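Take a look at the structure set out below.
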Amino acid sequence: VVAARARRARRLVTLTSDLGAPYAAQVKAVLARSIDPARVVELTHDLPAHGVHEAAFVLRAMATGFPAGTVHLAIVDPGVGGRRAPLAIACADGSRLVGPDNGLLYPLAEALGRPRAFRLEPERVGGSPRVGTTFDGRDLFAPAAARLARGVDPARLGTPAAPTVYRVPKPSRTNDGGNGEVVHVDRFGNLITNLPTAWVPAGRRTVTVRVARRPLRLPWASSYESLGRGRLGALGSSFGTIEVAVGEGSAARRLRARVGARVTLGGRRPDVPLNR
Amino acid sequence: VVAARARRARRLVTLTSDLGAPYAAQVKAVLARSIDPARVVELTHDLPAHGVHEAAFVLRAMATGFPAGTVHLAIVDPGVGGRRAPLAIACADGSRLVGPDNGLLYPLAEALGRPRAFRLEPERVGGSPRVGTTFDGRDLFAPAAARLARGVDPARLGTPAAPTVYRVPKPSRTNDGGNGEVVHVDRFGNLITNLPTAWVPAGRRTVTVRVARRPLRLPWASSYESLGRGRLGALGSSFGTIEVAVGEGSAARRLRARVGARVTLGGRRPDVPLNR
Amino acid sequence: VVAARARRARRLVTLTSDLGAPYAAQVKAVLARSIDPARVVELTHDLPAHGVHEAAFVLRAMATGFPAGTVHLAIVDPGVGGRRAPLAIACADGSRLVGPDNGLLYPLAEALGRPRAFRLEPERVGGSPRVGTTFDGRDLFAPAAARLARGVDPARLGTPAAPTVYRVPKPSRTNDGGNGEVVHVDRFGNLITNLPTAWVPAGRRTVTVRVARRPLRLPWASSYESLGRGRLGALGSSFGTIEVAVGEGSAARRLRARVGARVTLGGRRPDVPLNR
């Protein structure tokens with residue numbers, strides 16, 4: 001019976017949220033009613049609540065690696081129930097994005113190329129009856145994602161729309177480095193900046209940075225292990241940017257820095273010994 | 001080789017627990033030995049340990065949305081090793097439930113209709129040899145769920161039993177509202193009550209509630225965002241009931257309320273300004 | 001398109017890490033580009049960071065239950081970017097292990113039998129272009145695991161190597177008990193020791209143990225529930241070893257014990273009343 005109802009989805013569906021597992025389960029239940037759960041890949045349900053911009057950065061990093069044509073369903077939606085639009089976006093590589101129009105989807109859409117956005121219309125999407133007004137993830141986005149996974153054209157689910165533009169902050173180049181900021185703090189407390197790793201000259205063994213106004217001279221490390229337990233350092237993150245880390249510890253706690261903290265690379269070498 | 005051994009399950013299996021991931025992995029290993037892991041949908045492994053009644057509420061909310069015929073395996077089992085019975089339950093829509101007889105399964109079983117319960121007999125279930133006495137989830141429930149997923153009749157795995165009755169507390173109606181309680185605190189600290197959203201008269205812009213003896217007059221909000229950061233308010237939860245929330249904060253912490261806290265809707269308007 | 005690119009994997013792939021969900025998503029994206037995500041079973045991404053030896057114990061417990069022939073991809077890799085080798089290991093039952101050569105894989109490899117290890121050579125593995133130097137999990141181990149899942153011989157991906165030997169500490173037997181240690185603290189704060197449950201004589205109702213130098217006489221319990229809320233006790237863990245627990249509480253916090261703490265079973269009965 002189940003097998004008969006779960007018609008074959010042609011696309012993968014990734015699922016990203018700040019919902020926590022129990023609410024996310026309700027989203028998965030809706031998906032399971034119309035597509036095979038084996039096509040759904042959960043990325044995370046523990047993004048920082050209300051942290052739309054950090055989530056946009058993390059979503060882009062997580063989702064760009066998936067095959068062309070994947071449907072990315074993303075729910076970080078503090079404005080649910082308010083006036084923000086619900087969106088579906090078609091991209092150049094055939095991927096589709098579904099979620100709230102609050103900037104969350106924008107960096108990923110740009111990365112996947114030539115985004116065309118549509119404002120979802122609930123009556124066209126169909127889906128489950130609305131229990132409350134607070135859970136579009138379950139009641140609107142999940143049914144929309146399921147239909148897209150089965151090959152429905154996004155244009156059939158809504159009307160063309162101009163999405164809210166949000167771009168991950170770009171760093172600026174200086175003579176001997178650049179000005180940027182922390183764009184993500186990971187679960188280890190590593191500070192992920194938007195300063196490209198390539199801006200560190202080859203062969204450097206230390207770097208001069210300023211994090212949240214604090215001048216630091218740090219070892220430029222090739223591994224976490226080489227930092228040594230409890231020592232501060234900088235290294236090339238897996239996002240292709242500079243990160244500031246503490247060996248087996250939390251740089252966020254040590255430096256009292258969070259997303260948005262200014263980070264300067266280069267500049268006058270601080271009158272401080274090597275900070276480790 | 002693997003493909004040959006993993007005979008095709010006809011049903012989906014959902015998996016819910018308070019085990020945390022490493023113990024849950026042992027449950028999944030047992031399932032993977034006899035059904036295709038692609039048929040397994042994990043709902044959460046982070047339910048509050050020992051919170052059987054809250055877990056029963058959350059399980060019902062998560063699982064009722066899945067297709068008819070699904071097998072729901074649920075393990076919140078502080079009495080494991082003691083005298084509580086192991087159960088399989090068959091429901092009207094063809095769904096099957098497997099777990100301990102401590103009330104956890106009861107609200108879901110009632111929601112799915114006409115439950116018939118069976119006390120699992122280990123020698124009929126088969127399954128893996130018992131390593132300890134403390135992990136029926138892996139040693140008994142998982143093998144039982146796998147057999148049910150492959151179409152085995154629950155009556156073949158045990159003997160008819162009368163399950164422990166537990167019902168999510170029902171609120172009582174009053175002239176201008178009702179008396180209820182907090183039945184779930186979600187990861188954001190939102191207080192989910194059992195008071196139906198429909199008991200708030202249409203058009204209201206504020207509601208009078210008493211939470212854990214504290215009288216409050218709260219804005220009746222249509223979205224979390226409209227609460228404003230740090231402000232208290234009430235809104236319709238995705239469970240169809242009233243919830244008390246703080247914009248980008250935790251109502252549980254603010255009001256020092258937890259599961260079981262009394263909540264009154266209506267009554268004499270408190271001599272307090274609008275609490276936000 | 002996607003279906004065409006995701007050629008069928010013949011083997012299951014389990015995925016274990018300390019990465020947290022967002023980095024793990026990048027690993028899953030790489031896998032999804034060459035094998036069907038439905039073949040991937042995630043075990044946990046929340047192992048203690050930097051706790052390689054505890055992770056080795058937990059990995060072995062989680063993974064040994066999976067079907068013969070499974071590919072186990074494990075990433076707890078504080079030495080990434082340094083000199084530790086990347087490994088693939090073939091075992092007697094046809095299973096394959098992929099991960100860093102830091103001891104993490106060794107106990108599982110021994111349990112699965114007759115391990116033959118190969119040092120992965122990036123140019124033979126292929127895989128995605130390297131963004132940084134800090135994420136072999138995504139850039140090297142995931143492509144290797146995907147190729148193994150599709151039946152590639154491990155010998156084709158690297159050169160024979162002698163892996164770093166790490167064995168979970170073995171307890172020693174004494175006249176009336178044994179000497180061992182805590183090898184894992186689970187999410188409930190239960191202290192999992194390496195002392196076999198079988199070393200407790202049948203029929204005992206109390207046991208004498210010394211945990212982190214503290215002498216204790218504890219009830220030998222058959223269930224967590226029978227401990228009673230807040231009471232200390234000992235029982236047979238689901239790992240086949242003795243565990244020390246507190247009813248609805250954390251033994252780790254109560255006894256200030258962690259992984260590596262010495263545990264003695266038996267010995268002179270302490271001059272203390274029954275500790276509960």
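Just remember, in the structure tokens the first chain shown is A, the second B, etc., residues are 1-based per chain, and ligands are 1-based in the order shown.
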TODO: Please provide as a count of residues only all residues within 9 Å of C:Thr44, with the sequence filter that same-chain residues fewer than 6 positions apart are discarded (counting only C-alpha atoms).
DONE: 10
Select, as a PDB file with N, CA, C and O atoms, in the first residue's frame, those residues of chain B with any atom no more than 6 Å from chain A (distances computed using only C-alpha atoms).
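Everything below was put into selection-v2.pdb:
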ATOM      1  N   ALA B  38      17.016   1.933   3.695  1.00  0.00           N
ATOM      2  CA  ALA B  38      16.309   3.008   3.003  1.00  0.00           C
ATOM      3  C   ALA B  38      14.842   3.096   3.415  1.00  0.00           C
ATOM      4  O   ALA B  38      14.182   4.096   3.163  1.00  0.00           O
ATOM      5  N   LEU B  43      13.198   9.703  13.499  1.00  0.00           N
ATOM      6  CA  LEU B  43      12.473  10.911  13.891  1.00  0.00           C
ATOM      7  C   LEU B  43      13.292  11.725  14.891  1.00  0.00           C
ATOM      8  O   LEU B  43      13.548  12.892  14.676  1.00  0.00           O
ATOM      9  N   THR B  44      13.702  11.120  15.983  1.00  0.00           N
ATOM     10  CA  THR B  44      14.632  11.783  16.896  1.00  0.00           C
ATOM     11  C   THR B  44      15.208  10.742  17.831  1.00  0.00           C
ATOM     12  O   THR B  44      14.574   9.709  18.090  1.00  0.00           O
ATOM     13  N   MET B  62       4.543  13.518  15.927  1.00  0.00           N
ATOM     14  CA  MET B  62       5.483  13.224  14.847  1.00  0.00           C
ATOM     15  C   MET B  62       4.972  12.124  13.931  1.00  0.00           C
ATOM     16  O   MET B  62       5.172  12.162  12.715  1.00  0.00           O
ATOM     17  N   GLY B  65       1.431  11.733  11.006  1.00  0.00           N
ATOM     18  CA  GLY B  65       1.454  12.194   9.625  1.00  0.00           C
ATOM     19  C   GLY B  65       1.980  11.176   8.625  1.00  0.00           C
ATOM     20  O   GLY B  65       1.857  11.383   7.416  1.00  0.00           O
ATOM     21  N   PHE B  66       2.579  10.089   9.096  1.00  0.00           N
ATOM     22  CA  PHE B  66       3.179   9.121   8.165  1.00  0.00           C
ATOM     23  C   PHE B  66       2.106   8.279   7.488  1.00  0.00           C
ATOM     24  O   PHE B  66       0.989   8.166   7.979  1.00  0.00           O
ATOM     25  N   PRO B  67       2.473   7.691   6.349  1.00  0.00           N
ATOM     26  CA  PRO B  67       1.472   6.920   5.607  1.00  0.00           C
ATOM     27  C   PRO B  67       0.894   5.768   6.430  1.00  0.00           C
ATOM     28  O   PRO B  67       1.570   5.210   7.304  1.00  0.00           O
ATOM     29  N   SER B 222       0.419  36.443  15.523  1.00  0.00           N
ATOM     30  CA  SER B 222       0.267  35.575  14.355  1.00  0.00           C
ATOM     31  C   SER B 222       1.617  35.011  13.907  1.00  0.00           C
ATOM     32  O   SER B 222       1.676  34.144  13.052  1.00  0.00           O
ATOM     33  N   SER B 223       2.703  35.488  14.488  1.00  0.00           N
ATOM     34  CA  SER B 223       4.020  34.976  14.117  1.00  0.00           C
ATOM     35  C   SER B 223       4.997  35.234  15.253  1.00  0.00           C
ATOM     36  O   SER B 223       4.782  36.127  16.076  1.00  0.00           O
ATOM     37  N   GLU B 225       7.952  36.396  14.828  1.00  0.00           N
ATOM     38  CA  GLU B 225       8.619  37.649  14.529  1.00  0.00           C
ATOM     39  C   GLU B 225       7.843  38.833  15.086  1.00  0.00           C
ATOM     40  O   GLU B 225       8.426  39.794  15.601  1.00  0.00           O
ATOM     41  N   GLY B 236      -0.902  30.418  18.150  1.00  0.00           N
ATOM     42  CA  GLY B 236      -1.375  29.077  17.834  1.00  0.00           C
ATOM     43  C   GLY B 236      -0.200  28.198  17.438  1.00  0.00           C
ATOM     44  O   GLY B 236       0.497  28.491  16.472  1.00  0.00           O
ATOM     45  N   SER B 237       0.032  27.107  18.176  1.00  0.00           N
ATOM     46  CA  SER B 237       1.178  26.238  17.889  1.00  0.00           C
ATOM     47  C   SER B 237       0.874  25.338  16.701  1.00  0.00           C
ATOM     48  O   SER B 237      -0.267  25.219  16.258  1.00  0.00           O
ATOM     49  N   SER B 238       1.907  24.688  16.210  1.00  0.00           N
ATOM     50  CA  SER B 238       1.717  23.765  15.100  1.00  0.00           C
ATOM     51  C   SER B 238       1.094  22.448  15.561  1.00  0.00           C
ATOM     52  O   SER B 238       0.867  21.549  14.770  1.00  0.00           O
ATOM     53  N   GLY B 240      -1.853  22.656  17.031  1.00  0.00           N
ATOM     54  CA  GLY B 240      -3.263  23.005  17.102  1.00  0.00           C
ATOM     55  C   GLY B 240      -3.666  23.519  18.472  1.00  0.00           C
ATOM     56  O   GLY B 240      -4.850  23.649  18.770  1.00  0.00           O
TER      57      GLY B 240
END
Superimposed copy of chain B on chain A by least squares over C-alpha atoms, as a CSV table (one decimal) with C-alpha atoms, in the first residue's frame:
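Output file superposed-v3.csv follows:
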chain,number,residue,atom,x,y,z
B,1,VAL,CA,0.1,-0.1,0.0
B,2,VAL,CA,2.8,2.3,1.1
B,3,ALA,CA,5.0,1.4,-1.9
B,4,ALA,CA,2.1,2.1,-4.2
B,5,ARG,CA,1.4,5.5,-2.7
B,6,ALA,CA,5.0,6.7,-2.6
B,7,ARG,CA,5.4,7.4,-6.3
B,8,ARG,CA,9.0,7.6,-7.4
B,9,ALA,CA,10.7,11.0,-7.0
B,10,ARG,CA,13.2,11.7,-9.8
B,11,ARG,CA,15.2,14.1,-7.7
B,12,LEU,CA,17.0,14.1,-4.4
B,13,VAL,CA,15.6,16.3,-1.7
B,14,THR,CA,17.9,17.8,1.0
B,15,LEU,CA,16.3,19.1,4.2
B,16,THR,CA,17.9,21.8,6.4
B,17,SER,CA,16.3,23.6,9.3
B,18,ASP,CA,16.6,25.1,12.8
B,19,LEU,CA,13.5,23.1,13.8
B,20,GLY,CA,15.0,20.4,16.0
B,21,ALA,CA,14.1,16.8,15.4
B,22,PRO,CA,10.5,16.6,16.5
B,23,TYR,CA,9.2,19.4,14.3
B,24,ALA,CA,11.4,18.2,11.4
B,25,ALA,CA,9.7,14.8,11.8
B,26,GLN,CA,6.4,16.4,10.9
B,27,VAL,CA,8.1,17.8,7.7
B,28,LYS,CA,9.4,14.3,6.9
B,29,ALA,CA,6.0,12.8,7.4
B,30,VAL,CA,4.5,15.1,4.7
B,31,LEU,CA,7.4,14.2,2.3
B,32,ALA,CA,6.9,10.5,3.0
B,33,ARG,CA,3.3,10.7,2.0
B,34,SER,CA,4.2,11.6,-1.6
B,35,ILE,CA,7.9,10.7,-2.3
B,36,ASP,CA,10.1,7.8,-1.2
B,37,PRO,CA,11.9,8.7,2.0
B,38,ALA,CA,15.0,7.1,0.6
B,39,ARG,CA,15.3,10.2,-1.7
B,40,VAL,CA,15.5,12.6,1.3
B,41,VAL,CA,18.9,13.6,2.7
B,42,GLU,CA,18.8,15.5,6.0
B,43,LEU,CA,21.6,18.0,6.4
B,44,THR,CA,20.9,19.5,9.8
B,45,HIS,CA,18.0,20.5,12.0
B,46,ASP,CA,20.1,22.4,14.5
B,47,LEU,CA,21.0,25.6,12.8
B,48,PRO,CA,21.0,28.5,15.2
B,49,ALA,CA,17.4,29.6,15.6
B,50,HIS,CA,16.8,33.1,14.2
B,51,GLY,CA,20.3,33.2,12.7
B,52,VAL,CA,19.1,33.6,9.1
B,53,HIS,CA,22.3,35.0,7.7
B,54,GLU,CA,24.7,32.5,9.3
B,55,ALA,CA,22.2,29.8,8.1
B,56,ALA,CA,22.5,31.2,4.6
B,57,PHE,CA,26.3,30.8,4.7
B,58,VAL,CA,26.1,27.3,6.1
B,59,LEU,CA,23.3,26.2,3.7
B,60,ARG,CA,25.4,27.3,0.7
B,61,ALA,CA,28.4,25.4,1.9
B,62,MET,CA,26.4,22.2,2.6
B,63,ALA,CA,24.2,22.2,-0.5
B,64,THR,CA,26.4,23.2,-3.3
B,65,GLY,CA,28.1,19.8,-3.4
B,66,PHE,CA,25.0,17.9,-4.1
B,67,PRO,CA,24.2,16.6,-7.6
B,68,ALA,CA,22.6,19.0,-10.2
B,69,GLY,CA,18.9,18.8,-10.1
B,70,THR,CA,18.6,18.3,-6.3
B,71,VAL,CA,15.7,20.0,-4.5
B,72,HIS,CA,16.9,21.9,-1.4
B,73,LEU,CA,14.2,22.5,1.2
B,74,ALA,CA,15.4,24.9,3.9
B,75,ILE,CA,13.4,26.1,6.9
B,76,VAL,CA,14.9,28.9,9.1
B,77,ASP,CA,11.9,31.0,9.3
B,78,PRO,CA,11.5,33.4,12.2
B,79,GLY,CA,9.0,35.5,10.2
B,80,VAL,CA,6.6,32.6,9.6
B,81,GLY,CA,3.0,33.8,9.9
B,82,GLY,CA,4.0,37.3,9.0
B,83,ARG,CA,4.4,39.0,5.6
B,84,ARG,CA,7.5,37.3,4.3
B,85,ALA,CA,6.8,35.4,1.0
B,86,PRO,CA,7.1,31.7,0.6
B,87,LEU,CA,9.5,30.9,-2.3
B,88,ALA,CA,10.5,28.3,-4.8
B,89,ILE,CA,13.6,29.0,-6.9
B,90,ALA,CA,14.7,27.3,-10.1
B,91,CYS,CA,18.5,27.4,-10.8
B,92,ALA,CA,20.6,27.0,-13.9
B,93,ASP,CA,21.8,23.5,-13.1
B,94,GLY,CA,18.2,22.2,-12.7
B,95,SER,CA,18.3,22.4,-8.9
B,96,ARG,CA,15.3,23.8,-7.0
B,97,LEU,CA,15.2,25.7,-3.7
B,98,VAL,CA,12.2,26.0,-1.4
B,99,GLY,CA,11.9,28.1,1.7
B,100,PRO,CA,11.0,31.5,3.2
B,101,ASP,CA,12.0,34.7,1.4
B,102,ASN,CA,14.2,36.1,4.1
B,103,GLY,CA,17.6,35.9,2.4
B,104,LEU,CA,18.2,32.3,3.5
B,105,LEU,CA,18.1,30.9,0.0
B,106,TYR,CA,19.8,33.7,-1.8
B,107,PRO,CA,23.5,32.8,-1.5
B,108,LEU,CA,22.9,29.2,-2.5
B,109,ALA,CA,20.6,30.3,-5.4
B,110,GLU,CA,23.4,32.6,-6.7
B,111,ALA,CA,26.0,29.9,-6.4
B,112,LEU,CA,23.8,27.5,-8.4
B,113,GLY,CA,23.3,30.1,-11.0
B,114,ARG,CA,20.6,32.1,-12.8
B,115,PRO,CA,17.9,31.9,-10.1
B,116,ARG,CA,14.3,32.4,-11.2
B,117,ALA,CA,12.1,32.8,-8.1
B,118,PHE,CA,8.3,32.2,-7.7
B,119,ARG,CA,6.1,33.2,-4.8
B,120,LEU,CA,4.4,29.9,-3.7
B,121,GLU,CA,0.6,30.1,-3.8
B,122,PRO,CA,-0.9,27.7,-1.2
B,123,GLU,CA,-3.9,26.8,-3.3
B,124,ARG,CA,-1.6,25.8,-6.2
B,125,VAL,CA,0.7,23.8,-4.0
B,126,GLY,CA,-2.1,21.8,-2.3
B,127,GLY,CA,-0.6,20.0,0.7
B,128,SER,CA,-2.0,19.3,4.1
B,129,PRO,CA,-4.7,21.3,5.8
B,130,ARG,CA,-3.4,24.1,8.0
B,131,VAL,CA,-3.4,23.4,11.6
B,132,GLY,CA,-1.9,26.6,12.8
B,133,THR,CA,-0.3,29.7,11.2
B,134,THR,CA,3.1,29.0,12.6
B,135,PHE,CA,4.4,26.0,10.5
B,136,ASP,CA,4.7,26.7,6.8
B,137,GLY,CA,7.7,24.3,6.8
B,138,ARG,CA,5.2,21.4,7.2
B,139,ASP,CA,2.1,22.9,5.6
B,140,LEU,CA,3.4,24.6,2.6
B,141,PHE,CA,7.2,24.1,1.9
B,142,ALA,CA,7.2,20.3,2.3
B,143,PRO,CA,4.3,19.7,-0.1
B,144,ALA,CA,5.9,22.1,-2.6
B,145,ALA,CA,9.3,20.3,-2.3
B,146,ALA,CA,7.6,17.0,-2.8
B,147,ARG,CA,5.9,18.2,-6.0
B,148,LEU,CA,9.2,19.7,-7.3
B,149,ALA,CA,10.9,16.4,-6.6
B,150,ARG,CA,8.4,14.6,-8.7
B,151,GLY,CA,9.2,16.9,-11.6
B,152,VAL,CA,6.6,19.6,-11.4
B,153,ASP,CA,7.7,23.0,-12.9
B,154,PRO,CA,8.1,25.7,-10.2
B,155,ALA,CA,6.2,28.1,-12.4
B,156,ARG,CA,3.1,25.9,-11.8
B,157,LEU,CA,3.3,26.5,-8.0
B,158,GLY,CA,3.4,30.3,-7.9
B,159,THR,CA,4.0,33.6,-9.6
B,160,PRO,CA,7.3,35.2,-10.6
B,161,ALA,CA,8.8,37.1,-7.7
B,162,ALA,CA,11.9,39.2,-6.9
B,163,PRO,CA,13.5,37.5,-3.9
B,164,THR,CA,15.0,39.4,-1.0
B,165,VAL,CA,18.7,39.9,-1.8
B,166,TYR,CA,21.1,38.8,0.9
B,167,ARG,CA,24.8,38.2,0.1
B,168,VAL,CA,27.3,36.7,2.5
B,169,PRO,CA,29.5,39.8,3.3
B,170,LYS,CA,32.5,40.1,0.9
B,171,PRO,CA,35.9,41.0,2.4
B,172,SER,CA,37.9,43.9,1.0
B,173,ARG,CA,41.6,43.7,0.0
B,174,THR,CA,44.3,45.8,1.5
B,175,ASN,CA,48.0,46.2,0.7
B,176,ASP,CA,49.1,43.4,3.0
B,177,GLY,CA,45.9,41.5,3.8
B,178,GLY,CA,42.2,42.4,4.0
B,179,ASN,CA,39.2,43.3,6.1
B,180,GLY,CA,36.5,40.8,6.7
B,181,GLU,CA,34.4,39.3,9.4
B,182,VAL,CA,33.3,36.1,11.2
B,183,VAL,CA,30.5,34.5,9.1
B,184,HIS,CA,30.1,31.2,11.1
B,185,VAL,CA,31.0,29.7,14.4
B,186,ASP,CA,31.1,26.0,14.2
B,187,ARG,CA,30.3,23.4,16.9
B,188,PHE,CA,34.0,23.4,18.0
B,189,GLY,CA,34.0,27.2,18.5
B,190,ASN,CA,36.2,27.7,15.4
B,191,LEU,CA,35.7,31.2,13.9
B,192,ILE,CA,35.2,30.9,10.2
B,193,THR,CA,35.9,34.2,8.4
B,194,ASN,CA,35.2,35.3,4.9
B,195,LEU,CA,38.9,36.1,4.2
B,196,PRO,CA,40.1,33.8,1.5
B,197,THR,CA,42.9,31.5,2.5
B,198,ALA,CA,44.7,32.5,-0.7
B,199,TRP,CA,45.3,36.0,0.8
B,200,VAL,CA,47.9,34.5,3.2
B,201,PRO,CA,51.2,34.7,1.3
B,202,ALA,CA,52.7,31.3,0.6
B,203,GLY,CA,55.4,30.2,3.0
B,204,ARG,CA,54.2,32.3,5.9
B,205,ARG,CA,54.6,30.7,9.3
B,206,THR,CA,52.7,33.3,11.3
B,207,VAL,CA,49.9,35.7,10.4
B,208,THR,CA,48.9,39.0,12.0
B,209,VAL,CA,45.1,39.4,12.5
B,210,ARG,CA,42.8,41.5,14.5
B,211,VAL,CA,39.7,39.8,15.8
B,212,ALA,CA,37.0,41.8,17.5
B,213,ARG,CA,39.5,44.7,18.0
B,214,ARG,CA,42.1,42.4,19.6
B,215,PRO,CA,45.5,42.3,17.8
B,216,LEU,CA,47.0,38.9,17.5
B,217,ARG,CA,50.1,37.3,16.0
B,218,LEU,CA,49.2,33.7,15.3
B,219,PRO,CA,50.9,30.6,14.0
B,220,TRP,CA,49.7,29.8,10.5
B,221,ALA,CA,49.0,26.1,11.0
B,222,SER,CA,48.5,23.2,8.7
B,223,SER,CA,46.4,21.1,11.1
B,224,TYR,CA,44.5,21.4,14.3
B,225,GLU,CA,46.8,19.0,16.0
B,226,SER,CA,49.9,21.2,15.2
B,227,LEU,CA,48.3,24.0,17.2
B,228,GLY,CA,48.8,22.2,20.4
B,229,ARG,CA,46.2,21.9,23.1
B,230,GLY,CA,44.8,25.2,24.2
B,231,ARG,CA,46.9,27.2,21.7
B,232,LEU,CA,45.4,29.9,19.4
B,233,GLY,CA,46.2,29.7,15.7
B,234,ALA,CA,44.9,30.4,12.2
B,235,LEU,CA,44.5,27.9,9.4
B,236,GLY,CA,42.8,27.4,6.1
B,237,SER,CA,39.2,26.3,6.7
B,238,SER,CA,37.3,23.8,4.7
B,239,PHE,CA,35.2,26.7,3.4
B,240,GLY,CA,38.3,28.0,1.5
B,241,THR,CA,38.7,30.9,4.0
B,242,ILE,CA,40.8,31.7,7.0
B,243,GLU,CA,39.7,30.3,10.4
B,244,VAL,CA,40.8,31.1,13.9
B,245,ALA,CA,41.0,28.1,16.2
B,246,VAL,CA,42.2,26.9,19.6
B,247,GLY,CA,43.7,23.4,19.8
B,248,GLU,CA,41.1,21.2,21.4
B,249,GLY,CA,39.3,24.3,22.6
B,250,SER,CA,36.9,27.1,21.5
B,251,ALA,CA,38.3,30.3,19.9
B,252,ALA,CA,34.8,31.8,20.2
B,253,ARG,CA,34.9,31.6,23.9
B,254,ARG,CA,38.6,32.5,24.2
B,255,LEU,CA,38.2,35.7,22.1
B,256,ARG,CA,34.6,36.4,23.0
B,257,ALA,CA,33.8,36.7,19.3
B,258,ARG,CA,30.7,35.7,17.4
B,259,VAL,CA,29.2,36.0,13.9
B,260,GLY,CA,29.7,39.5,12.6
B,261,ALA,CA,32.9,40.2,14.6
B,262,ARG,CA,35.4,42.2,12.4
B,263,VAL,CA,38.5,40.4,11.4
B,264,THR,CA,41.5,42.2,9.8
B,265,LEU,CA,44.4,40.3,8.2
B,266,GLY,CA,47.7,42.0,8.0
B,267,GLY,CA,48.3,45.6,9.1
B,268,ARG,CA,50.9,46.8,11.6
B,269,ARG,CA,52.4,43.9,13.4
B,270,PRO,CA,51.1,44.1,17.0
B,271,ASP,CA,53.5,44.7,19.8
B,272,VAL,CA,52.7,41.4,21.3
B,273,PRO,CA,54.5,38.1,21.4
B,274,LEU,CA,53.2,35.2,19.3
B,275,ASN,CA,49.7,34.4,20.7
B,276,ARG,CA,49.2,30.8,21.1
TODO: Apply DSSP to the structure's backbone, then extract all residues of stretch 24-234 of chain A labelled helix (DSSP H, G or I) and return them as a ChimeraX atom specification.
DONE: /A:24-34,37-39,52-63,106-112,122-125,136-149,154-156,197-199,224-227
